[in-house]
>>> print(open('structure-v2.txt').read())   # compact mmCIF, C-alpha atoms and all ligand atoms
# COMPACT_ATOMS: atom_id res chain seq x y z
CA MET D 1 0.00 0.00 0.00
CA TYR D 2 1.22 3.52 -0.72
CA THR D 3 -0.28 7.00 -0.46
CA VAL D 4 -0.44 9.48 -3.35
CA TYR D 5 -0.90 13.24 -3.40
CA VAL D 6 -1.56 15.06 -6.68
CA ALA D 7 -0.76 18.66 -7.65
CA ALA D 8 -2.41 19.56 -10.96
CA PRO D 9 -4.63 22.21 -12.61
CA GLU D 10 -8.22 21.93 -11.42
CA ALA D 11 -9.58 20.91 -14.84
CA LEU D 12 -7.61 17.67 -14.54
CA HIS D 13 -8.57 16.76 -10.96
CA ASN D 14 -11.27 14.24 -11.80
CA THR D 15 -9.30 12.28 -14.38
CA LEU D 16 -6.14 12.26 -12.26
CA THR D 17 -8.00 11.16 -9.14
CA ALA D 18 -9.64 8.32 -11.07
CA ALA D 19 -6.30 7.28 -12.57
CA VAL D 20 -4.61 7.09 -9.16
CA LYS D 21 -7.54 5.23 -7.61
CA SER D 22 -7.47 2.60 -10.36
CA ASP D 23 -4.55 0.93 -8.58
CA ALA D 24 -5.92 -1.01 -5.60
CA GLU D 25 -2.60 -0.54 -3.76
CA ALA D 26 -2.76 3.26 -4.03
CA VAL D 27 -4.42 5.31 -1.31
CA PHE D 28 -5.35 8.71 -2.70
CA ILE D 29 -4.80 11.25 0.09
CA GLY D 30 -5.32 14.62 -1.54
CA ILE D 31 -5.22 16.89 -4.56
CA SER D 32 -4.58 20.59 -5.01
CA GLY D 33 -4.46 23.10 -7.85
CA ASP D 34 -2.01 25.15 -5.79
CA LEU D 35 1.54 23.80 -5.70
CA ARG D 36 2.48 25.67 -2.51
CA GLN D 37 -0.54 24.23 -0.69
CA ALA D 38 0.33 20.78 -2.03
CA LEU D 39 3.87 21.10 -0.62
CA ASP D 40 2.54 22.25 2.77
CA GLU D 41 0.18 19.29 3.00
CA CYS D 42 2.83 16.84 1.83
CA ALA D 43 5.21 18.20 4.51
CA LEU D 44 2.63 17.03 7.07
CA THR D 45 1.71 13.70 5.51
CA ASN D 46 4.91 12.61 3.78
CA PRO D 47 3.10 10.80 0.95
CA GLY D 48 4.36 7.68 -0.76
CA CYS D 49 4.44 9.77 -3.95
CA LEU D 50 3.65 13.28 -5.15
CA VAL D 51 2.39 13.50 -8.72
CA VAL D 52 3.01 16.97 -10.16
CA HIS D 53 1.63 18.30 -13.43
CA ASP D 54 4.11 20.33 -15.47
CA ASP D 55 1.64 23.23 -15.93
CA LEU D 56 1.78 23.90 -12.16
CA LEU D 57 5.56 23.68 -12.19
CA LEU D 58 5.75 26.29 -14.93
CA GLU D 59 3.63 28.66 -12.87
CA ASN D 60 5.82 28.10 -9.78
CA ILE D 61 9.40 27.94 -10.98
CA GLY D 62 10.41 29.40 -7.59
CA LEU D 63 9.32 26.19 -5.84
CA MET D 64 11.60 23.92 -7.86
CA ASP D 65 14.36 23.90 -5.21
CA GLN D 66 11.88 22.93 -2.52
CA LEU D 67 10.60 20.10 -4.71
CA ALA D 68 14.16 18.89 -5.35
CA GLN D 69 14.67 18.53 -1.59
CA ALA D 70 11.37 16.78 -0.86
CA PRO D 71 11.89 13.55 1.12
CA TYR D 72 9.20 11.69 -0.88
CA PRO D 73 9.38 10.49 -4.53
CA ILE D 74 7.93 12.79 -7.22
CA ILE D 75 6.53 11.86 -10.63
CA LEU D 76 6.19 14.66 -13.17
CA ILE D 77 3.48 14.57 -15.86
CA GLY D 78 4.06 16.81 -18.89
CA PRO D 79 4.64 17.12 -22.62
CA GLU D 80 7.48 15.16 -24.15
CA THR D 81 9.78 18.15 -24.65
CA THR D 82 13.40 18.83 -23.70
CA ALA D 83 12.28 21.71 -21.47
CA THR D 84 10.00 19.40 -19.41
CA ALA D 85 12.73 16.77 -19.17
CA LYS D 86 15.10 19.46 -17.80
CA ARG D 87 12.53 20.47 -15.20
CA ALA D 88 12.08 16.80 -14.24
CA LEU D 89 15.84 16.56 -13.65
CA ALA D 90 15.90 19.85 -11.72
CA ILE D 91 13.26 18.69 -9.24
CA ARG D 92 14.88 15.22 -9.07
CA ALA D 93 11.66 13.55 -10.27
CA ARG D 94 11.83 9.76 -10.21
CA ASP D 95 9.95 9.55 -13.50
CA LEU D 96 8.57 11.72 -16.28
CA VAL D 97 5.22 10.56 -17.63
CA GLY D 98 4.52 11.93 -21.13
CA LEU D 99 1.11 13.27 -22.08
CA SER D 100 0.47 10.95 -25.04
CA ASN D 101 -0.39 7.88 -22.94
CA TRP D 102 -0.28 9.35 -19.47
CA GLU D 103 -3.02 7.30 -17.78
CA GLN D 104 -1.45 3.95 -18.58
CA ASP D 105 2.10 5.21 -18.00
CA LEU D 106 1.18 6.67 -14.60
CA GLU D 107 -0.42 3.37 -13.62
CA THR D 108 2.84 1.58 -14.43
CA SER D 109 5.08 4.20 -12.86
CA LEU D 110 3.34 4.65 -9.48
CA PRO D 111 3.85 1.15 -8.02
CA ILE D 112 7.50 1.24 -9.14
CA HIS D 113 8.41 4.61 -7.68
CA ALA D 114 6.02 5.22 -4.78
CA ALA D 115 7.36 4.45 -1.30
CA LYS D 116 5.31 1.82 0.51
CA SER D 117 3.46 3.24 3.49
CA GLU D 118 5.18 2.65 6.77
CA GLY D 119 2.92 0.55 8.92
CA ALA D 120 0.77 -0.58 6.00
CA MET D 121 0.01 -4.23 6.37
CA ASP D 122 -0.38 -7.00 3.83
CA GLU D 123 -3.85 -7.82 5.07
CA PRO D 124 -6.45 -5.87 7.00
CA GLY D 125 -6.38 -5.96 10.80
CA ARG D 126 -8.95 -7.72 12.95
CA VAL D 127 -11.77 -5.56 14.30
CA GLN D 128 -13.00 -6.61 17.75
CA VAL D 129 -15.93 -4.93 19.43
CA VAL D 130 -16.14 -5.23 23.22
CA PHE D 131 -19.86 -5.25 23.93
CA SER D 132 -22.34 -5.83 26.70
CA SER D 133 -26.01 -5.12 27.04
CA LYS D 134 -25.19 -3.92 30.56
CA GLY D 135 -22.97 -1.20 32.04
CA GLY D 136 -20.36 -1.71 34.73
CA VAL D 137 -19.39 -5.25 33.70
CA GLY D 138 -15.78 -4.41 32.78
CA LYS D 139 -16.02 -3.50 29.06
CA THR D 140 -13.64 -0.55 29.26
CA THR D 141 -11.20 -2.25 31.63
CA ILE D 142 -11.03 -5.23 29.27
CA ALA D 143 -10.89 -3.20 26.02
CA VAL D 144 -7.99 -1.05 27.25
CA ASN D 145 -5.92 -3.85 28.71
CA LEU D 146 -6.66 -6.30 25.89
CA ALA D 147 -5.45 -3.70 23.36
CA LEU D 148 -2.21 -3.33 25.33
CA ALA D 149 -1.80 -7.10 25.61
CA LEU D 150 -2.42 -7.56 21.85
CA ALA D 151 0.15 -4.86 21.07
CA LYS D 152 2.76 -6.82 23.06
CA SER D 153 2.07 -9.91 20.96
CA ARG D 154 2.43 -8.26 17.53
CA LYS D 155 4.91 -5.91 15.92
CA ASP D 156 2.12 -3.97 14.19
CA PRO D 157 0.27 -1.27 16.12
CA VAL D 158 -3.15 -1.76 17.71
CA ALA D 159 -5.92 0.84 17.57
CA LEU D 160 -8.21 1.40 20.56
CA VAL D 161 -11.43 3.23 19.67
CA ASP D 162 -13.77 4.63 22.32
CA LEU D 163 -17.31 4.34 20.97
CA ASP D 164 -18.92 5.00 24.35
CA LEU D 165 -19.76 8.33 22.74
CA GLN D 166 -21.40 10.02 25.72
CA PHE D 167 -19.47 8.70 28.69
CA GLY D 168 -16.27 7.31 27.19
CA ASP D 169 -13.44 6.97 29.69
CA VAL D 170 -10.71 5.20 27.71
CA ALA D 171 -8.57 8.37 27.60
CA THR D 172 -8.82 8.72 31.40
CA LEU D 173 -7.87 5.08 31.94
CA VAL D 174 -4.71 5.41 29.82
CA GLY D 175 -3.87 8.84 31.25
CA ILE D 176 -4.02 10.97 28.09
CA LEU D 177 -5.62 14.36 27.49
CA PRO D 178 -6.98 14.27 23.93
CA GLN D 179 -6.60 17.40 21.80
CA ALA D 180 -8.79 15.80 19.12
CA THR D 181 -11.38 13.04 19.33
CA ILE D 182 -13.57 10.93 17.05
CA TYR D 183 -15.86 13.98 16.89
CA ASP D 184 -13.18 15.97 15.05
CA VAL D 185 -12.74 13.12 12.58
CA VAL D 186 -16.37 12.39 11.67
CA ALA D 187 -18.69 15.20 12.79
CA GLY D 188 -20.16 17.93 10.61
CA ASP D 189 -20.59 18.08 6.87
CA MET D 190 -17.05 17.25 5.86
CA GLY D 191 -17.75 14.82 3.05
CA GLN D 192 -15.42 11.84 3.14
CA VAL D 193 -13.71 10.80 6.37
CA ASP D 194 -10.28 12.27 6.02
CA ARG D 195 -7.32 9.92 6.58
CA MET D 196 -4.99 12.74 7.58
CA ARG D 197 -7.44 14.09 10.13
CA LEU D 198 -7.85 10.57 11.54
CA GLU D 199 -4.10 10.07 11.83
CA ARG D 200 -3.74 13.40 13.62
CA ALA D 201 -6.50 12.48 16.10
CA LEU D 202 -4.83 9.20 17.13
CA ILE D 203 -2.95 9.45 20.43
CA ASN D 204 -0.23 6.98 21.23
CA VAL D 205 -0.21 5.46 24.72
CA PRO D 206 3.39 6.23 25.76
CA GLY D 207 5.72 3.25 25.74
CA THR D 208 3.29 1.05 23.77
CA ARG D 209 2.13 0.39 20.21
CA VAL D 210 -1.45 1.30 21.09
CA ASN D 211 -3.07 4.32 19.37
CA VAL D 212 -6.24 5.70 20.93
CA LEU D 213 -9.11 7.41 19.16
CA ALA D 214 -10.86 9.07 22.09
CA ALA D 215 -14.59 9.60 22.66
CA PRO D 216 -16.02 13.14 22.30
CA LEU D 217 -15.13 15.55 25.08
CA ARG D 218 -18.77 16.73 25.46
CA PRO D 219 -21.74 14.29 25.66
CA GLU D 220 -23.87 16.42 23.28
CA GLU D 221 -21.29 15.89 20.50
CA ALA D 222 -22.36 12.24 20.35
CA ASP D 223 -25.53 13.24 18.45
CA GLU D 224 -23.46 14.41 15.49
CA ILE D 225 -21.62 11.15 15.05
CA HIS D 226 -23.20 9.00 12.37
CA ALA D 227 -22.87 5.28 12.09
CA GLU D 228 -21.68 5.09 8.48
CA ARG D 229 -18.79 7.48 9.20
CA VAL D 230 -17.79 5.44 12.23
CA VAL D 231 -17.63 2.34 10.03
CA ARG D 232 -15.39 4.23 7.59
CA VAL D 233 -13.08 5.11 10.50
CA LEU D 234 -12.87 1.43 11.48
CA GLN D 235 -12.19 0.54 7.84
CA LEU D 236 -9.30 3.01 7.66
CA LEU D 237 -7.86 1.94 11.01
CA ARG D 238 -7.77 -1.73 10.06
CA GLU D 239 -5.54 -0.88 7.09
CA THR D 240 -2.73 0.20 9.40
CA HIS D 241 -3.40 -1.66 12.66
CA ALA D 242 -3.19 -5.42 13.29
CA PHE D 243 -6.12 -5.14 15.70
CA VAL D 244 -8.79 -2.51 16.13
CA VAL D 245 -10.27 -2.92 19.63
CA VAL D 246 -13.52 -1.00 20.08
CA ASP D 247 -15.00 -0.13 23.47
CA THR D 248 -18.74 0.57 23.45
CA GLY D 249 -21.45 2.00 25.67
CA PRO D 250 -24.21 -0.42 26.65
CA GLY D 251 -27.12 -1.05 24.31
CA TYR D 252 -28.09 -1.10 20.63
CA SER D 253 -27.57 2.44 19.31
CA ASP D 254 -27.12 2.80 15.54
CA VAL D 255 -23.41 3.33 16.05
CA ASN D 256 -23.10 0.20 18.20
CA VAL D 257 -25.05 -1.99 15.78
CA SER D 258 -23.05 -0.73 12.78
CA ALA D 259 -19.78 -1.45 14.57
CA LEU D 260 -21.11 -4.88 15.57
CA ASP D 261 -22.14 -5.64 11.97
CA PHE D 262 -18.78 -4.52 10.62
CA CYS D 263 -16.49 -6.24 13.12
CA ASP D 264 -14.91 -9.70 12.99
CA ASP D 265 -15.45 -10.58 16.65
CA VAL D 266 -18.08 -9.50 19.14
CA LEU D 267 -16.47 -9.92 22.56
CA THR D 268 -19.55 -10.06 24.76
CA ILE D 269 -18.75 -9.35 28.39
CA CYS D 270 -20.76 -11.22 30.99
CA THR D 271 -20.41 -11.38 34.78
CA PRO D 272 -21.60 -14.21 37.02
CA ASP D 273 -24.82 -12.63 38.28
CA VAL D 274 -28.38 -13.38 37.32
CA VAL D 275 -29.33 -9.88 36.12
CA THR D 276 -26.37 -9.64 33.72
CA ILE D 277 -26.82 -13.18 32.46
CA ARG D 278 -30.45 -12.42 31.65
CA THR D 279 -29.55 -9.32 29.57
CA ILE D 280 -26.75 -11.23 27.81
CA GLY D 281 -29.27 -13.98 27.03
CA GLN D 282 -31.42 -11.34 25.31
CA ALA D 283 -28.35 -10.04 23.46
CA MET D 284 -27.57 -13.55 22.20
CA ARG D 285 -31.08 -13.78 20.78
CA VAL D 286 -30.64 -10.43 19.03
CA PHE D 287 -27.33 -11.60 17.56
CA ARG D 288 -28.69 -14.95 16.40
CA GLU D 289 -32.23 -14.13 15.28
CA GLY D 290 -32.28 -10.39 14.63
CA LEU D 291 -28.81 -9.70 13.26
CA ARG D 292 -28.15 -13.28 12.07
CA TYR D 293 -24.51 -13.37 13.12
CA PRO D 294 -22.78 -16.72 12.67
CA ASP D 295 -22.07 -18.43 16.01
CA HIS D 296 -18.29 -18.05 15.73
CA LYS D 297 -18.57 -14.25 15.48
CA VAL D 298 -19.83 -13.88 19.05
CA LYS D 299 -17.48 -14.81 21.90
CA ILE D 300 -18.59 -14.82 25.52
CA ILE D 301 -16.01 -13.45 27.94
CA LEU D 302 -16.81 -14.13 31.58
CA ASN D 303 -15.41 -11.31 33.69
CA ARG D 304 -14.97 -11.62 37.47
CA ALA D 305 -14.89 -15.39 37.06
CA GLY D 306 -14.31 -17.20 40.32
CA SER D 307 -16.34 -14.68 42.33
CA LYS D 308 -18.39 -16.64 44.83
CA THR D 309 -21.80 -15.62 43.50
CA GLY D 310 -23.37 -19.07 43.45
CA VAL D 311 -23.53 -18.96 39.64
CA GLU D 312 -21.10 -21.37 37.99
CA PRO D 313 -19.68 -21.07 34.43
CA GLN D 314 -21.54 -24.24 33.41
CA ASP D 315 -24.85 -22.64 34.47
CA ILE D 316 -24.03 -19.59 32.33
CA GLU D 317 -23.13 -21.72 29.30
CA LYS D 318 -26.37 -23.65 29.68
CA THR D 319 -28.48 -20.49 29.97
CA LEU D 320 -26.79 -18.76 27.02
CA GLY D 321 -26.63 -21.91 24.88
CA THR D 322 -22.99 -21.27 24.02
CA LYS D 323 -19.51 -21.96 25.42
CA ILE D 324 -17.57 -19.32 27.32
CA SER D 325 -14.52 -18.44 25.22
CA TYR D 326 -12.41 -16.85 27.95
CA GLN D 327 -12.69 -16.42 31.70
CA LEU D 328 -11.11 -13.42 33.39
CA PRO D 329 -10.65 -13.36 37.16
CA SER D 330 -11.66 -10.74 39.71
CA ASP D 331 -8.57 -8.71 40.45
CA GLY D 332 -9.49 -7.07 43.76
CA SER D 333 -8.77 -3.36 43.84
CA TRP D 334 -6.07 -3.39 41.11
CA PRO D 335 -8.33 -2.21 38.24
CA VAL D 336 -9.65 0.68 40.36
CA LYS D 337 -6.13 1.62 41.52
CA ALA D 338 -4.99 1.65 37.89
CA ALA D 339 -7.95 3.83 36.86
CA ASN D 340 -7.32 6.25 39.73
CA GLN D 341 -3.70 6.66 38.64
CA GLY D 342 -4.57 6.99 34.94
CA ARG D 343 -2.20 4.14 34.17
CA PRO D 344 -3.46 1.00 32.41
CA LEU D 345 -3.38 -2.09 34.61
CA GLN D 346 -1.19 -3.91 32.04
CA LEU D 347 1.50 -1.26 32.65
CA LEU D 348 0.91 -0.62 36.35
CA ASN D 349 0.94 -4.29 37.31
CA PRO D 350 1.57 -6.71 34.42
CA ASP D 351 1.64 -9.57 36.95
CA SER D 352 -1.78 -8.99 38.44
CA LEU D 353 -4.33 -11.77 37.94
CA LEU D 354 -6.34 -9.85 35.33
CA SER D 355 -3.24 -8.63 33.47
CA ARG D 356 -1.89 -12.17 33.19
CA ALA D 357 -5.23 -13.61 32.07
CA LEU D 358 -5.59 -10.89 29.41
CA THR D 359 -2.04 -11.47 28.18
CA GLU D 360 -2.84 -15.15 27.81
CA MET D 361 -6.12 -14.34 26.03
CA ALA D 362 -4.34 -11.96 23.63
CA GLN D 363 -1.66 -14.53 22.81
CA ASP D 364 -4.32 -17.11 22.09
CA MET D 365 -6.22 -14.68 19.83
CA VAL D 366 -3.06 -13.79 17.91
CA GLU D 367 -2.21 -17.43 17.43
CA ASN D 368 -5.72 -18.30 16.29
CA ILE D 369 -5.80 -15.50 13.77
CA TYR D 370 -2.25 -15.27 12.50
CA GLY D 371 -1.02 -18.77 13.28
CA PRO D 372 1.84 -19.75 15.64
CA SER D 373 4.72 -17.28 15.66
CA ARG D 374 7.97 -17.01 17.54
CA ASN D 375 6.49 -14.12 19.53
CA VAL D 376 3.80 -16.33 20.88
CA ARG D 377 3.93 -19.35 23.12
CA ASN D 378 2.42 -22.51 21.75
CA VAL D 379 -0.95 -22.89 23.44
CA GLN D 380 -0.95 -26.68 23.18
CA SER D 381 2.44 -27.09 24.82
CA ARG D 382 1.78 -24.91 27.83
CA PRO D 383 0.26 -26.11 31.08
CA LYS D 384 -3.51 -25.99 31.14
CA SER D 385 -4.81 -22.88 32.84
CA THR D 386 -8.03 -22.90 34.78
CA LEU D 387 -8.72 -19.39 33.56
CA PHE D 388 -8.55 -20.32 29.94
CA SER D 389 -10.90 -22.22 27.73
CA GLY D 390 -9.63 -21.16 24.30
CA TRP D 391 -11.16 -20.86 20.84
CA ARG D 392 -9.53 -23.82 19.25
CA ASN D 393 -11.54 -25.97 16.86
CA ARG D 394 -14.52 -23.66 16.81
CA GLY D 395 -14.54 -23.14 13.09
CA GLU D 396 -12.55 -19.94 13.60
CA ARG D 397 -11.38 -18.21 10.42
CA ARG D 398 -7.63 -18.63 10.35
CA ARG D 399 -5.37 -16.46 8.30
CA SER D 400 -2.43 -18.13 6.66
N1 LIG D 501 -11.94 -8.31 36.71
C1 LIG D 501 -12.14 -7.27 37.50
N2 LIG D 501 -11.71 -7.28 38.79
C2 LIG D 501 -11.92 -6.23 39.61
N3 LIG D 501 -12.52 -5.09 39.22
C3 LIG D 501 -12.96 -5.00 37.95
C4 LIG D 501 -12.79 -6.08 37.02
N4 LIG D 501 -13.33 -5.71 35.83
C5 LIG D 501 -13.81 -4.45 36.00
N5 LIG D 501 -13.60 -4.02 37.27
C6 LIG D 501 -14.03 -2.73 37.87
O1 LIG D 501 -15.43 -2.64 37.65
C7 LIG D 501 -15.83 -1.31 37.38
C8 LIG D 501 -16.56 -1.24 36.05
O2 LIG D 501 -15.66 -1.55 35.03
P1 LIG D 501 -15.70 -0.82 33.58
O3 LIG D 501 -14.57 -1.39 32.82
O4 LIG D 501 -15.74 0.64 33.75
O5 LIG D 501 -17.10 -1.37 33.07
P2 LIG D 501 -17.98 -0.90 31.82
O6 LIG D 501 -17.06 -0.29 30.82
O7 LIG D 501 -18.63 -2.16 31.35
O8 LIG D 501 -18.99 0.08 32.35
C9 LIG D 501 -14.55 -0.49 37.39
O9 LIG D 501 -14.41 0.11 38.66
C10 LIG D 501 -13.45 -1.52 37.17
O10 LIG D 501 -12.23 -1.12 37.75
MG MG D 502 -17.17 1.64 29.95
>>> encode(input="structure-v2.txt", output="structure tokens")
Amino acid sequence: MYTVYVAAPEALHNTLTAAVKSDAEAVFIGISGDLRQALDECALTNPGCLVVHDDLLLENIGLMDQLAQAPYPIILIGPETTATAKRALAIRARDLVGLSNWEQDLETSLPIHAAKSEGAMDEPGRVQVVFSSKGGVGKTTIAVNLALALAKSRKDPVALVDLDLQFGDVATLVGILPQATIYDVVAGDMGQVDRMRLERALINVPGTRVNVLAAPLRPEEADEIHAERVVRVLQLLRETHAFVVVDTGPGYSDVNVSALDFCDDVLTICTPDVVTIRTIGQAMRVFREGLRYPDHKVKIILNRAGSKTGVEPQDIEKTLGTKISYQLPSDGSWPVKAANQGRPLQLLNPDSLLSRALTEMAQDMVENIYGPSRNVRNVQSRPKSTLFSGWRNRGERRRS
């Protein structure tokens, strides 16, 4: 995958955009009829390639030095004349595409000369929505610490998206103060979701490969966030992140249902109490009968397993009519301590019961999806854990 920016006279914008987009590997990131503006935007985004039309170059001879020093490859499109060839040399263009057959020549030239995007992956990342029909069951605690655990198991980054649009607290849990949130990426009448704006809104959790897209800062902003734009955000994030972990608010809002439809895995959080089990039972019916999700898409995660509530995992499996995929233990006051300090539990205490169980769960997920790797312990060869029931042999889609 590589990104392309185009600087060309406005009359040519449509044909040039279409030509760039005809290559499935190319991600079109912008176009301008103003060469100075194009250079400013490229300084921010460092595209895989800048395509410049000779007409713009002629109008801006003063910018040729700046172009010659650009850190990204440039392809010049122009008439087959000695003067254009000289300009191509002066700006150190990687290629000169003549006007006679420019569409086909550009299509050949781009994949050869464009720099592959850093972080772009060969295949899209896995989108996992952490869901529950009930609040307070541990969704956010699990989403945050699972994202961190997944990031330890893979070299590619992991995105953590807070879709609890009114009361999201992911940013607080990881101790960041967002300057921009999902609201700045999708709200208003901005046409397409803008990749650059999305990248600028992502906040890295220091010392990790986790990038957070925070929930809106004001609850009323949630009303302006539309489901189809949220799906586009998830689509873009999966192109550059091995996992996209999505925290949600409780219930079946349009945004939640769209994210659930779009994702690969619905991680449904249950706790061992009758009220929660009843609402999860209703959710399972919605998934099966209303939304018609295949069984393997929905995974039950039992949080606070081992709490002496009088409800055993077998009772839960019987009531829900499905196996529990993972069990996560109660971890005393550690999750609250971590939240109070604004430091994720995985970083504050990687050896706590919940941290260890989530690390094990993440390793198992990575292995199931990407196959065994040297980063990951072999599940079959390790001692059986009482906190682990695994996904093996459940008809899980495996990527080779
Ligand atoms: N396994 C656990 N052990 C101990 N406390 C937990 C555990 N899971 C969640 N908690 C605590 O339960 C409360 C609710 O968790 P939270 O993640 O905010 O739930 P939700 O996002 O579903 O509303 C928080 O105070 C959190 O620290
Ligand atoms: Mg929450």
>>> residues_near_ligand(input="structure-v2.txt", ligand="ligand MG 502 (chain D)", cutoff="8 Å", atoms="only C-alpha atoms and all ligand atoms", output="PyMOL selection string")
chain D and resi 135-136+138-141+164+167-170+247-249
>>> closest_residue(input="structure-v2.txt", among="D:Leu89, D:Leu106, D:Leu96, D:Ala38", to="Ala26 (chain D)", atoms="all atoms listed in the file")
D:Leu106
>>> atom_distance(input="structure-v2.txt", atom1="CA of Glu103 (chain D)", atom2="CA of Ala19 (chain D)")
6.2 Å
>>> atom_distance(input="structure-v2.txt", atom1="CA of Lys318 (chain D)", atom2="CA of Arg356 (chain D)")
27.3 Å
>>> closest_residue(input="structure-v2.txt", among="D:Asp364, D:Glu123, D:Asp105, D:Asp331", to="ligand LIG 501 (chain D)", atoms="all atoms listed in the file")
D:Asp331
>>> closest_residue(input="structure-v2.txt", among="D:Lys86, D:Lys297, D:Lys21, D:Lys134", to="Gly281 (chain D)", atoms="all atoms listed in the file")
D:Lys134
>>> residues_near_point(input="structure-v2.txt", point="(-3.7, -4.6, 22.3)", cutoff="12 Å", atoms="only C-alpha atoms", output="PyMOL selection string")
chain D and resi 125-128+142-161+205+208-212+241-246+344+346+355+358-363+365-366
>>> residues_around(input="structure-v2.txt", residues="Ile31 (chain D)", least_positions_apart="4", cutoff="10 Å", atoms="all atoms listed in the file", output="PyMOL selection string")
chain D and resi 4-10+13-14+16-17+35+37-38+41+50-52
>>> residues_around(input="structure-v2.txt", residues="Trp334 (chain D)", least_positions_apart="3", cutoff="10 Å", atoms="only C-alpha atoms", output="list in words")
Ser330, Asp331, Lys337, Ala338, Ala339, Asn340, Leu345, Leu348, Asn349, Ser352, Leu353, Leu354 and Ser355 of chain D
>>> decode(input="structure-v2.txt", residues="region 262-274 of chain D", atoms="N, CA, C and O atoms", output="mmCIF file, in the first residue's frame")
data_model
loop_
_atom_site.group_PDB
_atom_site.id
_atom_site.type_symbol
_atom_site.label_atom_id
_atom_site.label_comp_id
_atom_site.auth_asym_id
_atom_site.auth_seq_id
_atom_site.Cartn_x
_atom_site.Cartn_y
_atom_site.Cartn_z
ATOM 1 N N PHE D 262 -20.022 -4.629 11.381
ATOM 2 C CA PHE D 262 -18.782 -4.523 10.621
ATOM 3 C C PHE D 262 -17.662 -5.404 11.175
ATOM 4 O O PHE D 262 -16.807 -5.878 10.433
ATOM 5 N N CYS D 263 -17.670 -5.635 12.491
ATOM 6 C CA CYS D 263 -16.486 -6.237 13.118
ATOM 7 C C CYS D 263 -16.340 -7.724 12.796
ATOM 8 O O CYS D 263 -17.249 -8.359 12.278
ATOM 9 N N ASP D 264 -15.159 -8.262 13.143
ATOM 10 C CA ASP D 264 -14.909 -9.700 12.991
ATOM 11 C C ASP D 264 -15.364 -10.462 14.229
ATOM 12 O O ASP D 264 -15.882 -11.565 14.123
ATOM 13 N N ASP D 265 -15.125 -9.883 15.401
ATOM 14 C CA ASP D 265 -15.449 -10.577 16.647
ATOM 15 C C ASP D 265 -16.244 -9.665 17.572
ATOM 16 O O ASP D 265 -15.852 -8.520 17.801
ATOM 17 N N VAL D 266 -17.337 -10.215 18.100
ATOM 18 C CA VAL D 266 -18.082 -9.503 19.139
ATOM 19 C C VAL D 266 -17.667 -10.133 20.465
ATOM 20 O O VAL D 266 -18.016 -11.288 20.742
ATOM 21 N N LEU D 267 -16.879 -9.400 21.258
ATOM 22 C CA LEU D 267 -16.469 -9.925 22.562
ATOM 23 C C LEU D 267 -17.517 -9.481 23.572
ATOM 24 O O LEU D 267 -17.564 -8.332 23.980
ATOM 25 N N THR D 268 -18.405 -10.400 23.911
ATOM 26 C CA THR D 268 -19.549 -10.056 24.762
ATOM 27 C C THR D 268 -19.190 -10.305 26.213
ATOM 28 O O THR D 268 -18.877 -11.435 26.599
ATOM 29 N N ILE D 269 -19.203 -9.225 27.002
ATOM 30 C CA ILE D 269 -18.751 -9.345 28.388
ATOM 31 C C ILE D 269 -19.922 -9.688 29.305
ATOM 32 O O ILE D 269 -20.938 -8.994 29.330
ATOM 33 N N CYS D 270 -19.735 -10.761 30.055
ATOM 34 C CA CYS D 270 -20.763 -11.224 30.993
ATOM 35 C C CYS D 270 -20.134 -11.301 32.382
ATOM 36 O O CYS D 270 -18.912 -11.459 32.498
ATOM 37 N N THR D 271 -20.919 -11.146 33.419
ATOM 38 C CA THR D 271 -20.414 -11.380 34.783
ATOM 39 C C THR D 271 -21.327 -12.423 35.441
ATOM 40 O O THR D 271 -22.473 -12.606 35.006
ATOM 41 N N PRO D 272 -20.812 -13.097 36.470
ATOM 42 C CA PRO D 272 -21.599 -14.213 37.023
ATOM 43 C C PRO D 272 -22.703 -13.752 37.975
ATOM 44 O O PRO D 272 -22.679 -14.066 39.165
ATOM 45 N N ASP D 273 -23.656 -12.999 37.466
ATOM 46 C CA ASP D 273 -24.817 -12.631 38.277
ATOM 47 C C ASP D 273 -26.058 -12.723 37.399
ATOM 48 O O ASP D 273 -25.988 -12.503 36.183
ATOM 49 N N VAL D 274 -27.175 -13.032 38.054
ATOM 50 C CA VAL D 274 -28.383 -13.381 37.320
ATOM 51 C C VAL D 274 -28.878 -12.254 36.418
ATOM 52 O O VAL D 274 -29.277 -12.484 35.278
#
